[in-house]
file final_39.pdb (PDB, C-alpha atoms, pLDDT in the B column)
ATOM      1  CA  GLN A   1      -6.480  -5.067 -24.626  1.00 69.00           C
ATOM      2  CA  HIS A   2      -3.100  -3.327 -24.994  1.00 71.00           C
ATOM      3  CA  LYS A   3      -1.072  -6.280 -23.758  1.00 72.00           C
ATOM      4  CA  LYS A   4      -0.096  -7.335 -27.292  1.00 72.00           C
ATOM      5  CA  LYS A   5       1.557  -3.946 -27.903  1.00 72.00           C
ATOM      6  CA  LEU A   6       4.228  -4.736 -25.317  1.00 73.00           C
ATOM      7  CA  PRO A   7       7.300  -6.839 -25.998  1.00 69.00           C
ATOM      8  CA  GLN A   8       6.281 -10.442 -25.476  1.00 75.00           C
ATOM      9  CA  GLU A   9       8.622 -10.996 -22.527  1.00 76.00           C
ATOM     10  CA  PHE A  10       6.820  -8.281 -20.512  1.00 77.00           C
ATOM     11  CA  GLN A  11       3.215  -9.003 -21.456  1.00 83.00           C
ATOM     12  CA  ILE A  12       2.264 -11.436 -18.698  1.00 86.00           C
ATOM     13  CA  ASN A  13       3.944  -9.461 -15.912  1.00 87.00           C
ATOM     14  CA  VAL A  14       2.500  -6.114 -16.961  1.00 87.00           C
ATOM     15  CA  TYR A  15      -0.925  -7.679 -17.424  1.00 90.00           C
ATOM     16  CA  ASN A  16      -0.936  -9.315 -13.978  1.00 92.00           C
ATOM     17  CA  TYR A  17       0.409  -6.244 -12.177  1.00 93.00           C
ATOM     18  CA  SER A  18      -1.995  -3.893 -13.967  1.00 92.00           C
ATOM     19  CA  LEU A  19      -4.958  -6.159 -13.304  1.00 94.00           C
ATOM     20  CA  ALA A  20      -3.943  -6.509  -9.646  1.00 96.00           C
ATOM     21  CA  HIS A  21      -3.784  -2.723  -9.363  1.00 94.00           C
ATOM     22  CA  CYS A  22      -7.207  -2.260 -10.988  1.00 95.00           C
ATOM     23  CA  LEU A  23      -8.795  -4.981  -8.859  1.00 97.00           C
ATOM     24  CA  PHE A  24      -7.315  -3.417  -5.737  1.00 96.00           C
ATOM     25  CA  HIS A  25      -8.873  -0.049  -6.505  1.00 93.00           C
ATOM     26  CA  GLU A  26     -12.184  -1.776  -7.252  1.00 96.00           C
ATOM     27  CA  GLY A  27     -12.054  -3.374  -3.792  1.00 96.00           C
ATOM     28  CA  ASP A  28     -11.504  -6.981  -4.909  1.00 97.00           C
ATOM     29  CA  TYR A  29      -8.476  -7.544  -2.689  1.00 97.00           C
ATOM     30  CA  GLU A  30      -8.353 -11.337  -2.890  1.00 97.00           C
ATOM     31  CA  LYS A  31      -8.296 -11.359  -6.708  1.00 97.00           C
ATOM     32  CA  SER A  32      -5.799  -8.517  -6.659  1.00 97.00           C
ATOM     33  CA  GLN A  33      -3.521 -10.545  -4.405  1.00 97.00           C
ATOM     34  CA  LYS A  34      -3.884 -13.565  -6.683  1.00 97.00           C
ATOM     35  CA  HIS A  35      -2.752 -11.621  -9.763  1.00 95.00           C
ATOM     36  CA  LEU A  36       0.015  -9.936  -7.817  1.00 95.00           C
ATOM     37  CA  SER A  37       1.387 -13.337  -6.820  1.00 95.00           C
ATOM     38  CA  MET A  38       1.852 -14.139 -10.521  1.00 94.00           C
ATOM     39  CA  VAL A  39       4.182 -11.188 -11.132  1.00 93.00           C
ATOM     40  CA  LYS A  40       7.819 -12.145 -11.591  1.00 90.00           C
ATOM     41  CA  TYR A  41      10.393  -9.575 -10.515  1.00 85.00           C
ATOM     42  CA  GLU A  42      12.327  -8.358 -13.517  1.00 82.00           C
ATOM     43  CA  ASN A  43      14.165  -5.685 -11.535  1.00 85.00           C
ATOM     44  CA  VAL A  44      14.255  -4.090  -8.122  1.00 90.00           C
ATOM     45  CA  TYR A  45      11.552  -1.566  -9.044  1.00 89.00           C
ATOM     46  CA  ASN A  46       9.072  -4.328  -9.924  1.00 89.00           C
ATOM     47  CA  LYS A  47       9.707  -5.830  -6.511  1.00 92.00           C
ATOM     48  CA  LEU A  48       9.180  -2.468  -4.797  1.00 94.00           C
ATOM     49  CA  GLU A  49       5.847  -1.907  -6.520  1.00 94.00           C
ATOM     50  CA  VAL A  50       4.565  -5.430  -5.926  1.00 95.00           C
ATOM     51  CA  LYS A  51       5.456  -5.293  -2.235  1.00 96.00           C
ATOM     52  CA  ARG A  52       3.879  -1.835  -1.863  1.00 96.00           C
ATOM     53  CA  LEU A  53       0.592  -3.009  -3.342  1.00 97.00           C
ATOM     54  CA  LEU A  54       0.716  -6.201  -1.282  1.00 97.00           C
ATOM     55  CA  MET A  55       1.055  -4.139   1.906  1.00 97.00           C
ATOM     56  CA  GLN A  56      -2.029  -2.149   0.913  1.00 97.00           C
ATOM     57  CA  ILE A  57      -3.936  -5.382   0.316  1.00 98.00           C
ATOM     58  CA  TYR A  58      -2.926  -6.671   3.755  1.00 97.00           C
ATOM     59  CA  TYR A  59      -4.098  -3.379   5.273  1.00 96.00           C
ATOM     60  CA  GLU A  60      -7.478  -3.595   3.569  1.00 96.00           C
ATOM     61  CA  LEU A  61      -7.970  -7.231   4.515  1.00 96.00           C
ATOM     62  CA  GLY A  62      -6.946  -6.583   8.132  1.00 94.00           C
ATOM     63  CA  LEU A  63      -4.118  -9.117   7.967  1.00 95.00           C
ATOM     64  CA  SER A  64      -2.068  -7.755  10.870  1.00 94.00           C
ATOM     65  CA  GLU A  65       0.618 -10.420  11.093  1.00 96.00           C
ATOM     66  CA  GLU A  66       1.234 -10.419   7.355  1.00 97.00           C
ATOM     67  CA  LEU A  67       1.338  -6.626   7.221  1.00 97.00           C
ATOM     68  CA  LEU A  68       3.748  -6.307  10.137  1.00 95.00           C
ATOM     69  CA  SER A  69       6.014  -9.017   8.790  1.00 97.00           C
ATOM     70  CA  LEU A  70       6.096  -7.600   5.261  1.00 97.00           C
ATOM     71  CA  THR A  71       6.690  -4.015   6.387  1.00 96.00           C
ATOM     72  CA  ASP A  72       9.583  -5.149   8.563  1.00 96.00           C
ATOM     73  CA  THR A  73      11.294  -7.228   5.872  1.00 96.00           C
ATOM     74  CA  PHE A  74      10.542  -4.574   3.249  1.00 96.00           C
ATOM     75  CA  LYS A  75      12.209  -1.863   5.362  1.00 96.00           C
ATOM     76  CA  HIS A  76      15.335  -3.994   5.673  1.00 96.00           C
ATOM     77  CA  PHE A  77      15.320  -4.721   1.942  1.00 96.00           C
ATOM     78  CA  ILE A  78      15.032  -1.026   1.059  1.00 96.00           C
ATOM     79  CA  ASN A  79      17.714   0.074   3.490  1.00 95.00           C
ATOM     80  CA  ASN A  80      20.166  -2.599   2.364  1.00 95.00           C
ATOM     81  CA  ASP A  81      19.689  -2.462  -1.411  1.00 94.00           C
ATOM     82  CA  LYS A  82      22.485  -0.462  -3.045  1.00 92.00           C
ATOM     83  CA  LEU A  83      20.634  -0.039  -6.369  1.00 91.00           C
ATOM     84  CA  ILE A  84      17.833   2.044  -4.886  1.00 94.00           C
ATOM     85  CA  SER A  85      18.541   5.782  -4.751  1.00 95.00           C
ATOM     86  CA  GLU A  86      18.228   7.621  -1.442  1.00 95.00           C
ATOM     87  CA  LYS A  87      15.311   9.645  -2.814  1.00 93.00           C
ATOM     88  CA  ILE A  88      13.352   6.499  -3.757  1.00 93.00           C
ATOM     89  CA  LYS A  89      14.240   4.871  -0.433  1.00 95.00           C
ATOM     90  CA  LYS A  90      12.788   7.867   1.404  1.00 94.00           C
ATOM     91  CA  VAL A  91       9.520   7.751  -0.542  1.00 94.00           C
ATOM     92  CA  TYR A  92       9.042   4.034   0.164  1.00 95.00           C
ATOM     93  CA  LEU A  93      10.051   4.359   3.818  1.00 95.00           C
ATOM     94  CA  ASP A  94       7.616   7.261   4.211  1.00 94.00           C
ATOM     95  CA  PHE A  95       4.926   5.083   2.630  1.00 95.00           C
ATOM     96  CA  ILE A  96       5.657   2.326   5.150  1.00 95.00           C
ATOM     97  CA  HIS A  97       5.562   4.832   8.005  1.00 93.00           C
ATOM     98  CA  LEU A  98       2.202   6.264   6.894  1.00 94.00           C
ATOM     99  CA  LEU A  99       0.774   2.795   6.385  1.00 95.00           C
ATOM    100  CA  GLY A 100       1.855   1.794   9.880  1.00 93.00           C
ATOM    101  CA  SER A 101       0.312   4.943  11.344  1.00 92.00           C
ATOM    102  CA  ALA A 102      -2.944   4.371   9.462  1.00 93.00           C
ATOM    103  CA  TYR A 103      -3.068   0.752  10.591  1.00 94.00           C
ATOM    104  CA  LYS A 104      -2.541   1.702  14.251  1.00 91.00           C
ATOM    105  CA  LEU A 105      -5.451   4.124  13.944  1.00 90.00           C
ATOM    106  CA  LYS A 106      -7.550   1.488  12.195  1.00 89.00           C
ATOM    107  CA  ILE A 107      -7.203  -1.095  14.935  1.00 86.00           C
ATOM    108  CA  SER A 108      -7.550   1.294  17.879  1.00 83.00           C
ATOM    109  CA  GLU A 109     -10.118   3.630  19.342  1.00 78.00           C
ATOM    110  CA  HIS A 110      -8.110   6.669  18.282  1.00 74.00           C
ATOM    111  CA  SER A 111      -8.814  10.243  19.263  1.00 76.00           C
ATOM    112  CA  ILE A 112      -9.695  12.974  16.800  1.00 79.00           C
ATOM    113  CA  GLY A 113      -6.311  14.493  17.654  1.00 82.00           C
ATOM    114  CA  ASP A 114      -4.562  11.305  16.542  1.00 85.00           C
ATOM    115  CA  LEU A 115      -6.405  11.455  13.253  1.00 86.00           C
ATOM    116  CA  LYS A 116      -5.578  15.150  12.768  1.00 87.00           C
ATOM    117  CA  ASN A 117      -1.896  14.385  13.408  1.00 89.00           C
ATOM    118  CA  PHE A 118      -2.020  11.630  10.792  1.00 89.00           C
ATOM    119  CA  ILE A 119      -3.576  13.973   8.226  1.00 89.00           C
ATOM    120  CA  LYS A 120      -1.043  16.692   9.051  1.00 91.00           C
ATOM    121  CA  GLU A 121       1.756  14.183   8.560  1.00 90.00           C
ATOM    122  CA  LEU A 122       0.204  13.051   5.283  1.00 89.00           C
ATOM    123  CA  ASP A 123       0.006  16.670   4.106  1.00 90.00           C
ATOM    124  CA  ASN A 124       3.760  17.042   4.641  1.00 89.00           C
ATOM    125  CA  ILE A 125       5.003  13.809   3.056  1.00 86.00           C
ATOM    126  CA  VAL A 126       5.427  13.026  -0.617  1.00 78.00           C
ATOM    127  CA  THR A 127       4.499   9.388  -1.051  1.00 80.00           C
ATOM    128  CA  PHE A 128       2.802   6.854  -3.258  1.00 78.00           C
ATOM    129  CA  GLU A 129      -0.955   6.499  -3.077  1.00 83.00           C
ATOM    130  CA  GLY A 130      -1.557   9.832  -1.330  1.00 79.00           C
ATOM    131  CA  GLU A 131      -5.189   9.843  -2.467  1.00 88.00           C
ATOM    132  CA  TRP A 132      -5.656   6.360  -1.019  1.00 92.00           C
ATOM    133  CA  PHE A 133      -4.230   7.516   2.328  1.00 91.00           C
ATOM    134  CA  TYR A 134      -6.646  10.463   2.408  1.00 91.00           C
ATOM    135  CA  LYS A 135      -9.498   8.032   1.734  1.00 92.00           C
ATOM    136  CA  LYS A 136      -8.293   5.890   4.646  1.00 91.00           C
ATOM    137  CA  ALA A 137      -8.184   8.997   6.859  1.00 91.00           C
ATOM    138  CA  GLU A 138     -11.771   9.773   5.897  1.00 90.00           C
ATOM    139  CA  GLU A 139     -12.823   6.213   6.771  1.00 89.00           C
ATOM    140  CA  LEU A 140     -10.991   6.500  10.099  1.00 85.00           C
ATOM    141  CA  GLY A 141     -12.834   9.749  10.781  1.00 84.00           C
ATOM    142  CA  GLN A 142     -16.151   8.021  10.101  1.00 79.00           C
ATOM    143  CA  LYS A 143     -15.128   5.215  12.461  1.00 66.00           C
ATOM    144  CA  ARG A 144     -14.303   7.813  15.115  1.00 59.00           C
ATOM    145  CA  SER A 145     -17.718   9.477  14.653  1.00 57.00           C
ATOM    146  CA  ALA A 146     -19.491   6.126  14.885  1.00 51.00           C
ATOM    147  CA  LEU A 147     -17.644   5.359  18.132  1.00 48.00           C
ATOM    148  CA  ASN A 148     -18.629   8.754  19.551  1.00 52.00           C
ATOM    149  CA  ASN A 149     -22.273   8.229  18.558  1.00 50.00           C
ATOM    150  CA  ARG A 150     -22.304   4.746  20.055  1.00 44.00           C
ATOM    151  CA  THR A 151     -20.901   6.041  23.326  1.00 44.00           C
ATOM    152  CA  VAL A 152     -23.457   8.849  23.537  1.00 42.00           C
ATOM    153  CA  SER A 153     -26.475   6.615  22.808  1.00 40.00           C
TER
END

call {"tool": "encode", "arguments": {"input": "final_39.pdb", "output": "structure tokens"}}
result
Amino acid sequence: QHKKKLPQEFQINVYNYSLAHCLFHEGDYEKSQKHLSMVKYENVYNKLEVKRLLMQIYYELGLSEELLSLTDTFKHFINNDKLISEKIKKVYLDFIHLLGSAYKLKISEHSIGDLKNFIKELDNIVTFEGEWFYKKAEELGQKRSALNNRTVS
């Protein structure tokens, strides 16, 4: 509804990115990915944000190959881009690290100690989507409890 208030050249991009972000947080990952694919990079920061959200979508959808490939190429992009400040690079690289750690826990039968280490690491890192990572940690804890209950039964 506020799209028309933006300069015309930004309207479609902002609309698609914003809708992708909303759909992601509503759990509609496929539609989110569709709208994200329509975003054109106007600058390096648009590209960073689109790739970050795309990695989260791949995580949620369990797309291992896509996630691993994107995180690898994204790391190289961040490290090699001269326009990105060191502070911003660190925040994105920390995000990638946390996402990788969360994904390893997601696909494995992790111990409670592994989960506690992840949460401790999360507590000590300033990154994007911190609340989302805590939600993932909670889900991983529930998975761990379900595995323990299944083993006991």

call {"tool": "resolve_selection", "arguments": {"input": "final_39.pdb", "expression": "the PyMOL selection byres ((chain A and resi 13) around 10)", "output": "ChimeraX atom specification"}}
result
/A:3,8-12,14-19,35-36,38-42,46

call {"tool": "atom_distance", "arguments": {"input": "final_39.pdb", "atom1": "CA of Val126 (chain A)", "atom2": "CA of Val91 (chain A)"}}
result
6.7 Å

call {"tool": "resolve_selection", "arguments": {"input": "final_39.pdb", "expression": "the PyMOL selection byres ((chain A and resi 59-66) around 12)", "output": "PyMOL selection string"}}
result
chain A and resi 24-33+51-58+67-74+96+98-107+132-133+135-136+139

call {"tool": "atom_distance", "arguments": {"input": "final_39.pdb", "atom1": "CA of Leu6 (chain A)", "atom2": "CA of Val44 (chain A)"}}
result
19.9 Å

call {"tool": "residues_around", "arguments": {"input": "final_39.pdb", "residues": "Asn79 (chain A)", "least_positions_apart": "4", "cutoff": "9 Å", "atoms": "all atoms listed in the file", "output": "VMD selection string"}}
result
chain A and resid 74 to 75 84 89 93

call {"tool": "resolve_selection", "arguments": {"input": "final_39.pdb", "expression": "the PyMOL selection byres ((chain A and resi 121) around 12)", "output": "VMD selection string"}}
result
chain A and resid 94 to 95 97 to 99 101 to 102 114 to 120 122 to 127 130 133 to 134 137

call {"tool": "atom_distance", "arguments": {"input": "final_39.pdb", "atom1": "CA of Lys34 (chain A)", "atom2": "CA of Ala20 (chain A)"}}
result
7.7 Å

call {"tool": "axis_aligned_box", "arguments": {"input": "final_39.pdb", "around": "region 96-111 of chain A", "padding_each_side": "3 Å", "output": "lines of an AutoDock Vina configuration file"}}
result
center_x = -2.2
center_y = 4.6
center_z = 12.2
size_x = 21.8
size_y = 17.3
size_z = 20.2

call {"tool": "decode", "arguments": {"input": "final_39.pdb", "residues": "region 29-110 of chain A", "atoms": "C-alpha atoms", "output": "compact mmCIF listing (two decimals), in the first residue's frame"}}
result
# COMPACT_ATOMS: atom_id res chain seq x y z
CA TYR A 29 9.09 -20.15 1.67
CA GLU A 30 8.31 -21.04 -1.94
CA LYS A 31 6.39 -17.79 -2.56
CA SER A 32 9.08 -15.88 -0.71
CA GLN A 33 11.72 -17.36 -3.00
CA LYS A 34 9.62 -16.49 -6.05
CA HIS A 35 9.38 -12.81 -5.07
CA LEU A 36 13.04 -12.71 -4.11
CA SER A 37 13.99 -13.94 -7.57
CA MET A 38 12.31 -10.84 -9.04
CA VAL A 39 14.54 -8.42 -7.13
CA LYS A 40 17.14 -6.68 -9.28
CA TYR A 41 20.36 -5.68 -7.56
CA GLU A 42 20.69 -1.92 -7.51
CA ASN A 43 23.79 -1.99 -5.31
CA VAL A 44 25.94 -4.36 -3.34
CA TYR A 45 23.74 -4.05 -0.24
CA ASN A 46 20.65 -5.23 -2.14
CA LYS A 47 22.63 -8.27 -3.23
CA LEU A 48 23.76 -8.96 0.34
CA GLU A 49 20.22 -8.84 1.68
CA VAL A 50 18.73 -10.95 -1.10
CA LYS A 51 21.39 -13.63 -0.70
CA ARG A 52 20.99 -13.63 3.10
CA LEU A 53 17.25 -14.20 2.85
CA LEU A 54 17.75 -16.82 0.14
CA MET A 55 20.10 -18.76 2.44
CA GLN A 56 17.43 -18.71 5.15
CA ILE A 57 14.87 -20.01 2.67
CA TYR A 58 17.21 -22.84 1.66
CA TYR A 59 17.69 -23.68 5.34
CA GLU A 60 13.96 -23.82 5.98
CA LEU A 61 13.28 -25.91 2.89
CA GLY A 62 16.13 -28.31 3.71
CA LEU A 63 17.87 -27.65 0.40
CA SER A 64 21.35 -28.79 1.45
CA GLU A 65 23.15 -28.55 -1.88
CA GLU A 66 21.74 -25.12 -2.65
CA LEU A 67 22.55 -23.85 0.84
CA LEU A 68 26.12 -25.14 0.79
CA SER A 69 26.75 -23.78 -2.68
CA LEU A 70 25.30 -20.35 -1.92
CA THR A 71 27.12 -19.98 1.40
CA ASP A 72 30.41 -20.85 -0.27
CA THR A 73 30.02 -18.43 -3.17
CA PHE A 74 28.60 -15.77 -0.85
CA LYS A 75 31.63 -16.01 1.46
CA HIS A 76 33.95 -15.50 -1.50
CA PHE A 77 31.87 -12.57 -2.74
CA ILE A 78 31.94 -10.86 0.67
CA ASN A 79 35.65 -11.39 1.19
CA ASN A 80 36.56 -10.13 -2.28
CA ASP A 81 34.25 -7.11 -2.57
CA LYS A 82 36.16 -3.89 -1.86
CA LEU A 83 33.00 -1.79 -1.37
CA ILE A 84 31.86 -3.69 1.72
CA SER A 85 33.29 -2.39 4.99
CA GLU A 86 35.11 -4.78 7.31
CA LYS A 87 32.39 -4.33 9.95
CA ILE A 88 29.63 -5.34 7.50
CA LYS A 89 31.74 -8.23 6.20
CA LYS A 90 32.09 -9.55 9.75
CA VAL A 91 28.35 -9.40 10.41
CA TYR A 92 27.54 -11.31 7.20
CA LEU A 93 30.33 -13.84 7.73
CA ASP A 94 29.10 -14.41 11.29
CA PHE A 95 25.60 -14.92 9.90
CA ILE A 96 26.93 -17.53 7.47
CA HIS A 97 28.84 -19.25 10.27
CA LEU A 98 25.77 -19.40 12.53
CA LEU A 99 23.60 -20.63 9.69
CA GLY A 100 26.09 -23.39 8.93
CA SER A 101 26.21 -24.39 12.59
CA ALA A 102 22.41 -24.43 12.83
CA TYR A 103 22.14 -26.50 9.67
CA LYS A 104 24.65 -29.07 10.94
CA LEU A 105 22.57 -29.41 14.10
CA LYS A 106 19.38 -29.65 12.06
CA ILE A 107 20.54 -32.56 9.95
CA SER A 108 22.26 -34.50 12.74
CA GLU A 109 21.36 -36.20 15.98
CA HIS A 110 23.12 -33.51 18.00
